[in-house]
Amino acid sequence: MKLFLRYILLDILKIYFAALLLLTLLLVMVIVVNEAIDQGLPLQHAILLIPFTLPEQLRLSVPMTLLLATTISFSRMAGNNEIIAAKSLGIAPWRLMWPVWVLALVFSLLCVWMNDFAVTWGRSRMTSVVYRALEDIIYAKLSKDGKFEGQFGDDEYTITVERVEGKKLIFPAIVSQKKQWTAQMDEAEIHVDYDQAVLTIAFTNLLMSTGNDTLQYHQKTIPIPIPNPENVNLDATSPSEVPMEAMDDQVRKCKARIAAAQRKMASLTAFSLATGDSSLAASAWYHCEMEVAGATRRLQRLHTESPRRWANGFSCFFFVWLGVPLAIRLQRADVFSSFFACFLPILALYYPFLMYGVNSAKAGTLPPSFVWIGNLCLGIIGYWFVKQIHKN
């Protein structure tokens, strides 16, 4: 029996690692090429993205490749009547399936970790590569299109240029959207210092317009701060990029913001009642109300994020929980038709229910535990198929 189980696991792992390698290469190329096109990254910088894209794509590819490997292996066994032969020897089908479920459970825990690691480490390092290549990106964009648009900090900048000669921008113009200034010059050079988190533009014969004022400089350097992705302020970060170990702290901060705003609203109400003048407190009340609404939305997303990552990670287990008995039940030697037959209920049930549960939990209409509803559906269907193959 141990030899038979070892044979099943080795067969699954061989198929799994071969499929994972192929799918990994494909997804890495897609992610890297897509990022390079979106950000205008030169090839030498795009290649540096590869190690940082691995956690992102592995969390997507591991469940699918394990489902593929298990359905191929058990479809072949069922098509060759090996399952029937085992049952004739008094070996119940569950005894053949449980090691695969344990393997899927281990891979699920790995996927949970990758769901957390991909958004907290992988994405920030990908952003770091982009910012380290920012100078080359700007020059490449200006050389090709004569225009570059980007947001640095809380301001958006538009740079246009007549032509580019080496590192010199000839007759460039820069517009700041938020600070509302426009600069025109004969020549300029751009330098990005990633370690100091600053982009500097050195001008010659600068004419700057700020509102009603016009300033002229023969030579001037303007520093523009850029964010450092490695020094992330979690309070201003999307909940989807907050590490799970920091979730509780972020939840406490959100609750404190809501409580402080509600206390201020109560004091404004008391002030309005005491003075009989509500107009003085109307503006402050509105800002407090917006603060409560924003913090409440963030709190709901924070409550949803950890269960979502666990549910996404454990999709690996539930895919296999359904796929193995279904592949045995179909008894098809055509392994790819078995795989697509197993994938169909996942496509039709799991992903729609997952999206519904996540969106409802973020909106606060359902508790965060409902992100598991897709996994629960697969679990029920898989249990039914397990019962069926033991009856027959």
# chains A, B, ... in the order shown; residues from 1 in each chain; ligands from 1
>>> residues_around(residues="Leu22 of chain A", least_positions_apart="6", cutoff="12 Å", atoms="only C-alpha atoms", output="MDAnalysis selection string")
chainID A and resid 15:16 28:29 58 61:62 65
>>> write_last_selection(atoms="all heavy atoms", output="PDB file, in the first residue's frame")
ATOM      1  N   ILE A  15       4.294  15.609 -12.730  1.00  0.00           N
ATOM      2  CA  ILE A  15       3.421  16.401 -13.617  1.00  0.00           C
ATOM      3  C   ILE A  15       3.303  17.837 -13.102  1.00  0.00           C
ATOM      4  O   ILE A  15       3.357  18.807 -13.872  1.00  0.00           O
ATOM      5  CB  ILE A  15       2.022  15.751 -13.714  1.00  0.00           C
ATOM      6  CG1 ILE A  15       2.134  14.340 -14.259  1.00  0.00           C
ATOM      7  CG2 ILE A  15       1.103  16.595 -14.586  1.00  0.00           C
ATOM      8  CD1 ILE A  15       0.844  13.547 -14.148  1.00  0.00           C
ATOM      9  N   TYR A  16       3.194  17.960 -11.781  1.00  0.00           N
ATOM     10  CA  TYR A  16       3.008  19.281 -11.168  1.00  0.00           C
ATOM     11  C   TYR A  16       4.193  20.206 -11.456  1.00  0.00           C
ATOM     12  O   TYR A  16       4.004  21.348 -11.911  1.00  0.00           O
ATOM     13  CB  TYR A  16       2.808  19.123  -9.662  1.00  0.00           C
ATOM     14  CG  TYR A  16       2.908  20.422  -8.901  1.00  0.00           C
ATOM     15  CD1 TYR A  16       1.869  21.332  -8.921  1.00  0.00           C
ATOM     16  CD2 TYR A  16       4.063  20.740  -8.189  1.00  0.00           C
ATOM     17  CE1 TYR A  16       1.965  22.545  -8.235  1.00  0.00           C
ATOM     18  CE2 TYR A  16       4.171  21.931  -7.506  1.00  0.00           C
ATOM     19  CZ  TYR A  16       3.118  22.827  -7.528  1.00  0.00           C
ATOM     20  OH  TYR A  16       3.222  24.018  -6.862  1.00  0.00           O
ATOM     21  N   VAL A  28       5.419  34.823 -16.050  1.00  0.00           N
ATOM     22  CA  VAL A  28       6.500  35.794 -15.836  1.00  0.00           C
ATOM     23  C   VAL A  28       6.673  36.670 -17.065  1.00  0.00           C
ATOM     24  O   VAL A  28       6.787  37.901 -16.967  1.00  0.00           O
ATOM     25  CB  VAL A  28       7.817  35.070 -15.490  1.00  0.00           C
ATOM     26  CG1 VAL A  28       9.003  36.010 -15.655  1.00  0.00           C
ATOM     27  CG2 VAL A  28       7.777  34.565 -14.055  1.00  0.00           C
ATOM     28  N   MET A  29       6.655  36.052 -18.239  1.00  0.00           N
ATOM     29  CA  MET A  29       6.799  36.823 -19.471  1.00  0.00           C
ATOM     30  C   MET A  29       5.643  37.795 -19.645  1.00  0.00           C
ATOM     31  O   MET A  29       5.836  38.963 -20.014  1.00  0.00           O
ATOM     32  CB  MET A  29       6.889  35.877 -20.680  1.00  0.00           C
ATOM     33  CG  MET A  29       8.153  35.043 -20.731  1.00  0.00           C
ATOM     34  SD  MET A  29       9.649  36.074 -20.788  1.00  0.00           S
ATOM     35  CE  MET A  29       9.412  36.930 -22.334  1.00  0.00           C
ATOM     36  N   LEU A  58       3.051  32.885  -8.722  1.00  0.00           N
ATOM     37  CA  LEU A  58       2.972  31.561  -8.091  1.00  0.00           C
ATOM     38  C   LEU A  58       1.677  31.392  -7.302  1.00  0.00           C
ATOM     39  O   LEU A  58       1.106  30.288  -7.259  1.00  0.00           O
ATOM     40  CB  LEU A  58       4.174  31.333  -7.171  1.00  0.00           C
ATOM     41  CG  LEU A  58       5.486  30.940  -7.857  1.00  0.00           C
ATOM     42  CD1 LEU A  58       6.624  30.901  -6.854  1.00  0.00           C
ATOM     43  CD2 LEU A  58       5.355  29.606  -8.578  1.00  0.00           C
ATOM     44  N   SER A  61      -0.657  30.385 -10.033  1.00  0.00           N
ATOM     45  CA  SER A  61      -0.387  29.167 -10.809  1.00  0.00           C
ATOM     46  C   SER A  61      -0.364  27.897  -9.974  1.00  0.00           C
ATOM     47  O   SER A  61      -0.679  26.818 -10.493  1.00  0.00           O
ATOM     48  CB  SER A  61       0.944  29.317 -11.556  1.00  0.00           C
ATOM     49  OG  SER A  61       2.015  29.507 -10.661  1.00  0.00           O
ATOM     50  N   VAL A  62       0.003  27.976  -8.698  1.00  0.00           N
ATOM     51  CA  VAL A  62       0.112  26.759  -7.877  1.00  0.00           C
ATOM     52  C   VAL A  62      -1.218  26.011  -7.778  1.00  0.00           C
ATOM     53  O   VAL A  62      -1.258  24.785  -7.996  1.00  0.00           O
ATOM     54  CB  VAL A  62       0.684  27.091  -6.475  1.00  0.00           C
ATOM     55  CG1 VAL A  62       0.479  25.918  -5.517  1.00  0.00           C
ATOM     56  CG2 VAL A  62       2.162  27.428  -6.572  1.00  0.00           C
ATOM     57  N   THR A  65      -2.009  24.389 -11.331  1.00  0.00           N
ATOM     58  CA  THR A  65      -1.110  23.307 -11.732  1.00  0.00           C
ATOM     59  C   THR A  65      -1.293  22.062 -10.866  1.00  0.00           C
ATOM     60  O   THR A  65      -1.171  20.938 -11.362  1.00  0.00           O
ATOM     61  CB  THR A  65       0.359  23.766 -11.679  1.00  0.00           C
ATOM     62  OG1 THR A  65       0.634  24.383 -10.418  1.00  0.00           O
ATOM     63  CG2 THR A  65       0.651  24.759 -12.779  1.00  0.00           C
TER      64      THR A  65
END
>>> select_by_dssp(residues="segment 146-212 of chain A", states="strand (DSSP E)", output="PyMOL selection string")
chain A and resi 147-152+155-160+163-165+168-170+173-176+181-184+187-193+198-210
>>> write_last_selection(atoms="C-alpha atoms", output="JSON list (two decimals), in the first residue's frame")
[["chain", "number", "residue", "atom", "x", "y", "z"],
["A", 147, "LYS", "CA", 5.86, 64.10, -23.72],
["A", 148, "PHE", "CA", 5.94, 62.52, -20.27],
["A", 149, "GLU", "CA", 3.18, 62.54, -17.64],
["A", 150, "GLY", "CA", 3.75, 61.30, -14.09],
["A", 151, "GLN", "CA", 2.65, 61.72, -10.50],
["A", 152, "PHE", "CA", 5.28, 62.28, -7.82],
["A", 155, "ASP", "CA", 1.35, 66.42, -7.54],
["A", 156, "GLU", "CA", 1.10, 65.56, -11.22],
["A", 157, "TYR", "CA", 3.62, 66.82, -13.75],
["A", 158, "THR", "CA", 3.58, 67.05, -17.52],
["A", 159, "ILE", "CA", 6.86, 67.44, -19.41],
["A", 160, "THR", "CA", 6.96, 68.27, -23.11],
["A", 163, "ARG", "CA", 13.75, 67.15, -29.01],
["A", 164, "VAL", "CA", 16.26, 65.20, -26.94],
["A", 165, "GLU", "CA", 20.03, 65.29, -27.54],
["A", 168, "LYS", "CA", 19.86, 67.35, -22.85],
["A", 169, "LEU", "CA", 16.24, 68.34, -23.29],
["A", 170, "ILE", "CA", 15.91, 71.06, -25.93],
["A", 173, "ALA", "CA", 8.22, 72.85, -20.78],
["A", 174, "ILE", "CA", 6.98, 71.56, -17.42],
["A", 175, "VAL", "CA", 3.51, 72.00, -15.95],
["A", 176, "SER", "CA", 2.60, 71.31, -12.31],
["A", 181, "TRP", "CA", 3.10, 76.57, -12.16],
["A", 182, "THR", "CA", 4.50, 76.41, -15.68],
["A", 183, "ALA", "CA", 8.18, 76.47, -16.58],
["A", 184, "GLN", "CA", 9.69, 77.02, -20.01],
["A", 187, "GLU", "CA", 17.70, 73.46, -22.06],
["A", 188, "ALA", "CA", 17.31, 71.10, -19.12],
["A", 189, "GLU", "CA", 18.76, 67.90, -17.69],
["A", 190, "ILE", "CA", 16.93, 65.44, -15.45],
["A", 191, "HIS", "CA", 18.60, 63.38, -12.74],
["A", 192, "VAL", "CA", 16.93, 60.93, -10.36],
["A", 193, "ASP", "CA", 18.57, 60.12, -7.02],
["A", 198, "VAL", "CA", 14.37, 63.22, -5.26],
["A", 199, "LEU", "CA", 14.15, 64.06, -8.95],
["A", 200, "THR", "CA", 16.12, 67.18, -9.90],
["A", 201, "ILE", "CA", 15.73, 69.23, -13.06],
["A", 202, "ALA", "CA", 18.61, 71.58, -13.96],
["A", 203, "PHE", "CA", 17.46, 74.43, -16.21],
["A", 204, "THR", "CA", 19.11, 77.02, -18.45],
["A", 205, "ASN", "CA", 17.27, 80.31, -19.22],
["A", 206, "LEU", "CA", 14.17, 79.47, -17.22],
["A", 207, "LEU", "CA", 10.88, 81.37, -17.46],
["A", 208, "MET", "CA", 8.48, 80.32, -14.69],
["A", 209, "SER", "CA", 4.86, 81.42, -14.39],
["A", 210, "THR", "CA", 3.04, 80.99, -11.07]]
>>> residues_around(residues="Arg59 of chain A", least_positions_apart="2", cutoff="9 Å", atoms="only C-alpha atoms", output="mmCIF file with all heavy atoms, in the first residue's frame")
data_model
loop_
_atom_site.group_PDB
_atom_site.id
_atom_site.type_symbol
_atom_site.label_atom_id
_atom_site.label_comp_id
_atom_site.auth_asym_id
_atom_site.auth_seq_id
_atom_site.Cartn_x
_atom_site.Cartn_y
_atom_site.Cartn_z
ATOM 1 N N LEU A 54 7.682 36.622 -9.239
ATOM 2 C CA LEU A 54 7.449 35.205 -8.938
ATOM 3 C C LEU A 54 6.396 34.971 -7.858
ATOM 4 O O LEU A 54 5.497 34.137 -8.044
ATOM 5 C CB LEU A 54 8.773 34.528 -8.562
ATOM 6 C CG LEU A 54 9.766 34.321 -9.708
ATOM 7 C CD1 LEU A 54 11.065 33.736 -9.186
ATOM 8 C CD2 LEU A 54 9.177 33.425 -10.786
ATOM 9 N N PRO A 55 6.452 35.660 -6.701
ATOM 10 C CA PRO A 55 5.394 35.419 -5.705
ATOM 11 C C PRO A 55 4.004 35.755 -6.235
ATOM 12 O O PRO A 55 3.033 35.060 -5.923
ATOM 13 C CB PRO A 55 5.785 36.358 -4.547
ATOM 14 C CG PRO A 55 7.235 36.617 -4.730
ATOM 15 C CD PRO A 55 7.461 36.604 -6.205
ATOM 16 N N GLU A 56 3.915 36.811 -7.061
ATOM 17 C CA GLU A 56 2.620 37.223 -7.604
ATOM 18 C C GLU A 56 2.019 36.147 -8.496
ATOM 19 O O GLU A 56 0.827 35.826 -8.389
ATOM 20 C CB GLU A 56 2.797 38.536 -8.388
ATOM 21 C CG GLU A 56 1.517 39.123 -8.934
ATOM 22 C CD GLU A 56 0.663 39.782 -7.870
ATOM 23 O OE1 GLU A 56 1.221 40.235 -6.848
ATOM 24 O OE2 GLU A 56 -0.566 39.850 -8.058
ATOM 25 N N GLN A 57 2.843 35.591 -9.385
ATOM 26 C CA GLN A 57 2.290 34.611 -10.312
ATOM 27 C C GLN A 57 2.200 33.217 -9.700
ATOM 28 O O GLN A 57 1.336 32.426 -10.083
ATOM 29 C CB GLN A 57 3.103 34.602 -11.615
ATOM 30 C CG GLN A 57 4.550 34.212 -11.516
ATOM 31 C CD GLN A 57 4.757 32.721 -11.507
ATOM 32 O OE1 GLN A 57 3.905 31.980 -11.979
ATOM 33 N NE2 GLN A 57 5.864 32.292 -10.942
ATOM 34 N N SER A 61 -0.657 30.385 -10.033
ATOM 35 C CA SER A 61 -0.387 29.167 -10.809
ATOM 36 C C SER A 61 -0.364 27.897 -9.974
ATOM 37 O O SER A 61 -0.679 26.818 -10.493
ATOM 38 C CB SER A 61 0.944 29.317 -11.556
ATOM 39 O OG SER A 61 2.015 29.507 -10.661
ATOM 40 N N VAL A 62 0.003 27.976 -8.698
ATOM 41 C CA VAL A 62 0.112 26.759 -7.877
ATOM 42 C C VAL A 62 -1.218 26.011 -7.778
ATOM 43 O O VAL A 62 -1.258 24.785 -7.996
ATOM 44 C CB VAL A 62 0.684 27.091 -6.475
ATOM 45 C CG1 VAL A 62 0.479 25.918 -5.517
ATOM 46 C CG2 VAL A 62 2.162 27.428 -6.572
ATOM 47 N N PRO A 63 -2.353 26.663 -7.461
ATOM 48 C CA PRO A 63 -3.617 25.895 -7.389
ATOM 49 C C PRO A 63 -3.990 25.243 -8.716
ATOM 50 O O PRO A 63 -4.433 24.089 -8.739
ATOM 51 C CB PRO A 63 -4.651 26.963 -6.985
ATOM 52 C CG PRO A 63 -3.864 28.038 -6.328
ATOM 53 C CD PRO A 63 -2.568 28.075 -7.039
ATOM 54 N N LEU A 110 1.236 27.219 1.879
ATOM 55 C CA LEU A 110 2.254 27.933 1.112
ATOM 56 C C LEU A 110 1.619 29.061 0.296
ATOM 57 O O LEU A 110 2.169 30.165 0.211
ATOM 58 C CB LEU A 110 2.980 26.953 0.190
ATOM 59 C CG LEU A 110 4.073 27.545 -0.716
ATOM 60 C CD1 LEU A 110 5.214 28.134 0.117
ATOM 61 C CD2 LEU A 110 4.616 26.486 -1.671
ATOM 62 N N CYS A 111 0.440 28.803 -0.281
ATOM 63 C CA CYS A 111 -0.257 29.827 -1.075
ATOM 64 C C CYS A 111 -0.722 30.991 -0.203
ATOM 65 O O CYS A 111 -0.719 32.148 -0.643
ATOM 66 C CB CYS A 111 -1.445 29.212 -1.802
ATOM 67 S SG CYS A 111 -0.990 28.200 -3.220
ATOM 68 N N VAL A 112 -1.153 30.699 1.027
ATOM 69 C CA VAL A 112 -1.541 31.783 1.947
ATOM 70 C C VAL A 112 -0.350 32.692 2.203
ATOM 71 O O VAL A 112 -0.465 33.928 2.169
ATOM 72 C CB VAL A 112 -2.072 31.206 3.276
ATOM 73 C CG1 VAL A 112 -2.281 32.327 4.303
ATOM 74 C CG2 VAL A 112 -3.376 30.454 3.048
ATOM 75 N N TRP A 113 0.802 32.082 2.458
ATOM 76 C CA TRP A 113 2.016 32.877 2.679
ATOM 77 C C TRP A 113 2.366 33.688 1.436
ATOM 78 O O TRP A 113 2.723 34.862 1.536
ATOM 79 C CB TRP A 113 3.166 31.943 3.055
ATOM 80 C CG TRP A 113 4.467 32.668 3.189
ATOM 81 C CD1 TRP A 113 4.883 33.436 4.240
ATOM 82 C CD2 TRP A 113 5.534 32.696 2.236
ATOM 83 N NE1 TRP A 113 6.136 33.950 3.999
ATOM 84 C CE2 TRP A 113 6.563 33.512 2.780
ATOM 85 C CE3 TRP A 113 5.721 32.124 0.982
ATOM 86 C CZ2 TRP A 113 7.753 33.750 2.102
ATOM 87 C CZ3 TRP A 113 6.901 32.356 0.310
ATOM 88 C CH2 TRP A 113 7.907 33.166 0.870
ATOM 89 N N MET A 114 2.232 33.075 0.248
ATOM 90 C CA MET A 114 2.560 33.792 -0.984
ATOM 91 C C MET A 114 1.564 34.914 -1.254
ATOM 92 O O MET A 114 1.930 35.956 -1.802
ATOM 93 C CB MET A 114 2.618 32.822 -2.165
ATOM 94 C CG MET A 114 3.900 32.013 -2.207
ATOM 95 S SD MET A 114 4.130 31.102 -3.748
ATOM 96 C CE MET A 114 2.772 29.951 -3.674
ATOM 97 N N ASN A 115 0.291 34.733 -0.882
ATOM 98 C CA ASN A 115 -0.690 35.804 -1.033
ATOM 99 C C ASN A 115 -0.304 37.024 -0.210
ATOM 100 O O ASN A 115 -0.533 38.155 -0.631
ATOM 101 C CB ASN A 115 -2.078 35.308 -0.601
ATOM 102 C CG ASN A 115 -2.877 34.753 -1.756
ATOM 103 O OD1 ASN A 115 -3.515 35.485 -2.495
ATOM 104 N ND2 ASN A 115 -2.825 33.438 -1.921
ATOM 105 N N ALA A 118 3.449 38.286 -1.711
ATOM 106 C CA ALA A 118 3.422 38.899 -3.039
ATOM 107 C C ALA A 118 3.040 40.377 -2.971
ATOM 108 O O ALA A 118 3.628 41.208 -3.663
ATOM 109 C CB ALA A 118 2.445 38.150 -3.946
ATOM 110 N N ASN A 312 -8.225 32.576 -0.557
ATOM 111 C CA ASN A 312 -7.515 32.416 -1.830
ATOM 112 C C ASN A 312 -6.455 31.329 -1.746
ATOM 113 O O ASN A 312 -6.294 30.519 -2.665
ATOM 114 C CB ASN A 312 -6.843 33.739 -2.228
ATOM 115 C CG ASN A 312 -7.809 34.702 -2.884
ATOM 116 O OD1 ASN A 312 -8.907 34.321 -3.274
ATOM 117 N ND2 ASN A 312 -7.431 35.949 -2.985
ATOM 118 N N GLY A 313 -5.717 31.305 -0.642
ATOM 119 C CA GLY A 313 -4.680 30.294 -0.475
ATOM 120 C C GLY A 313 -5.254 28.890 -0.414
ATOM 121 O O GLY A 313 -4.722 27.961 -1.037
#
>>> closest_residue(among="A:Asn233, A:Ile226, A:Ala270, A:Gln300", to="Cys254 of chain A", atoms="only C-alpha atoms")
A:Gln300
>>> select_by_dssp(residues="segment 39-160 of chain A", states="helix (DSSP H, G or I)", output="MDAnalysis selection string")
chainID A and resid 39 43:79 82:88 93:132 134:145
>>> residues_around(residues="Ile83 of chain A", least_positions_apart="5", cutoff="12 Å", atoms="only C-alpha atoms", output="list in words")
Phe4, Ile8, Ser73, Phe74, Ser75, Arg76, Met77, Ala78, Ser88, Leu89, Gly90, Ile91, Ala92, Pro93, Trp94, Arg95, Leu96, Met97, Val324, Pro325, Ala327, Ile328, Arg329, Leu330, Gln331, Ile389, His390 and Asn392 of chain A
>>> atom_distance(atom1="atom CA of Thr237 of chain A", atom2="atom CA of Ala260 of chain A")
20.7 Å
>>> atom_distance(atom1="atom CA of His287 of chain A", atom2="atom CA of Lys264 of chain A")
10.3 Å
>>> decode(residues="segment 348-358 of chain A", atoms="all heavy atoms", output="mmCIF file, in the first residue's frame")
data_model
loop_
_atom_site.group_PDB
_atom_site.id
_atom_site.type_symbol
_atom_site.label_atom_id
_atom_site.label_comp_id
_atom_site.auth_asym_id
_atom_site.auth_seq_id
_atom_site.Cartn_x
_atom_site.Cartn_y
_atom_site.Cartn_z
ATOM 1 N N ALA A 348 -17.467 28.167 -12.940
ATOM 2 C CA ALA A 348 -18.867 28.586 -12.858
ATOM 3 C C ALA A 348 -19.303 28.965 -11.445
ATOM 4 O O ALA A 348 -20.193 29.814 -11.275
ATOM 5 C CB ALA A 348 -19.770 27.467 -13.393
ATOM 6 N N LEU A 349 -18.680 28.345 -10.430
ATOM 7 C CA LEU A 349 -19.134 28.563 -9.056
ATOM 8 C C LEU A 349 -18.111 29.297 -8.190
ATOM 9 O O LEU A 349 -18.452 30.286 -7.536
ATOM 10 C CB LEU A 349 -19.476 27.219 -8.402
ATOM 11 C CG LEU A 349 -20.677 26.456 -8.973
ATOM 12 C CD1 LEU A 349 -20.801 25.104 -8.293
ATOM 13 C CD2 LEU A 349 -21.952 27.267 -8.790
ATOM 14 N N TYR A 350 -16.883 28.794 -8.205
ATOM 15 C CA TYR A 350 -15.906 29.316 -7.248
ATOM 16 C C TYR A 350 -15.622 30.805 -7.452
ATOM 17 O O TYR A 350 -15.763 31.608 -6.518
ATOM 18 C CB TYR A 350 -14.608 28.513 -7.332
ATOM 19 C CG TYR A 350 -13.496 29.107 -6.486
ATOM 20 C CD1 TYR A 350 -13.497 28.957 -5.104
ATOM 21 C CD2 TYR A 350 -12.466 29.845 -7.076
ATOM 22 C CE1 TYR A 350 -12.496 29.525 -4.324
ATOM 23 C CE2 TYR A 350 -11.468 30.404 -6.299
ATOM 24 C CZ TYR A 350 -11.491 30.245 -4.931
ATOM 25 O OH TYR A 350 -10.507 30.815 -4.163
ATOM 26 N N TYR A 351 -15.212 31.176 -8.664
ATOM 27 C CA TYR A 351 -14.803 32.562 -8.889
ATOM 28 C C TYR A 351 -15.956 33.560 -8.751
ATOM 29 O O TYR A 351 -15.780 34.618 -8.128
ATOM 30 C CB TYR A 351 -14.111 32.692 -10.247
ATOM 31 C CG TYR A 351 -12.740 32.064 -10.256
ATOM 32 C CD1 TYR A 351 -12.476 30.894 -10.964
ATOM 33 C CD2 TYR A 351 -11.691 32.626 -9.530
ATOM 34 C CE1 TYR A 351 -11.220 30.307 -10.954
ATOM 35 C CE2 TYR A 351 -10.434 32.036 -9.510
ATOM 36 C CZ TYR A 351 -10.207 30.878 -10.224
ATOM 37 O OH TYR A 351 -8.958 30.294 -10.199
ATOM 38 N N PRO A 352 -17.172 33.285 -9.298
ATOM 39 C CA PRO A 352 -18.275 34.233 -9.061
ATOM 40 C C PRO A 352 -18.628 34.393 -7.590
ATOM 41 O O PRO A 352 -18.857 35.512 -7.118
ATOM 42 C CB PRO A 352 -19.437 33.616 -9.855
ATOM 43 C CG PRO A 352 -18.784 32.802 -10.911
ATOM 44 C CD PRO A 352 -17.550 32.245 -10.273
ATOM 45 N N PHE A 353 -18.667 33.268 -6.842
ATOM 46 C CA PHE A 353 -18.995 33.359 -5.422
ATOM 47 C C PHE A 353 -17.889 34.053 -4.635
ATOM 48 O O PHE A 353 -18.162 34.787 -3.676
ATOM 49 C CB PHE A 353 -19.268 31.967 -4.843
ATOM 50 C CG PHE A 353 -20.680 31.489 -5.058
ATOM 51 C CD1 PHE A 353 -20.936 30.343 -5.793
ATOM 52 C CD2 PHE A 353 -21.744 32.181 -4.520
ATOM 53 C CE1 PHE A 353 -22.231 29.903 -6.000
ATOM 54 C CE2 PHE A 353 -23.048 31.750 -4.711
ATOM 55 C CZ PHE A 353 -23.298 30.611 -5.459
ATOM 56 N N LEU A 354 -16.642 33.818 -5.030
ATOM 57 C CA LEU A 354 -15.532 34.498 -4.365
ATOM 58 C C LEU A 354 -15.633 36.009 -4.563
ATOM 59 O O LEU A 354 -15.497 36.779 -3.602
ATOM 60 C CB LEU A 354 -14.195 33.981 -4.907
ATOM 61 C CG LEU A 354 -12.942 34.701 -4.385
ATOM 62 C CD1 LEU A 354 -12.749 34.456 -2.902
ATOM 63 C CD2 LEU A 354 -11.698 34.254 -5.166
ATOM 64 N N MET A 355 -15.873 36.440 -5.787
ATOM 65 C CA MET A 355 -15.991 37.872 -6.079
ATOM 66 C C MET A 355 -17.183 38.476 -5.337
ATOM 67 O O MET A 355 -17.088 39.578 -4.786
ATOM 68 C CB MET A 355 -16.131 38.088 -7.580
ATOM 69 C CG MET A 355 -14.877 37.748 -8.374
ATOM 70 S SD MET A 355 -15.124 37.847 -10.157
ATOM 71 C CE MET A 355 -15.512 39.587 -10.336
ATOM 72 N N TYR A 356 -18.295 37.728 -5.306
ATOM 73 C CA TYR A 356 -19.480 38.224 -4.599
ATOM 74 C C TYR A 356 -19.198 38.364 -3.103
ATOM 75 O O TYR A 356 -19.545 39.372 -2.479
ATOM 76 C CB TYR A 356 -20.652 37.267 -4.823
ATOM 77 C CG TYR A 356 -21.873 37.589 -3.992
ATOM 78 C CD1 TYR A 356 -22.671 38.683 -4.297
ATOM 79 C CD2 TYR A 356 -22.203 36.808 -2.888
ATOM 80 C CE1 TYR A 356 -23.791 38.982 -3.527
ATOM 81 C CE2 TYR A 356 -23.319 37.102 -2.111
ATOM 82 C CZ TYR A 356 -24.106 38.185 -2.436
ATOM 83 O OH TYR A 356 -25.202 38.485 -1.666
ATOM 84 N N GLY A 357 -18.560 37.349 -2.521
ATOM 85 C CA GLY A 357 -18.261 37.399 -1.089
ATOM 86 C C GLY A 357 -17.297 38.522 -0.740
ATOM 87 O O GLY A 357 -17.499 39.237 0.238
ATOM 88 N N VAL A 358 -16.244 38.698 -1.561
ATOM 89 C CA VAL A 358 -15.259 39.752 -1.291
ATOM 90 C C VAL A 358 -15.883 41.130 -1.421
ATOM 91 O O VAL A 358 -15.714 42.001 -0.546
ATOM 92 C CB VAL A 358 -14.046 39.606 -2.241
ATOM 93 C CG1 VAL A 358 -13.136 40.828 -2.146
ATOM 94 C CG2 VAL A 358 -13.254 38.348 -1.903
#
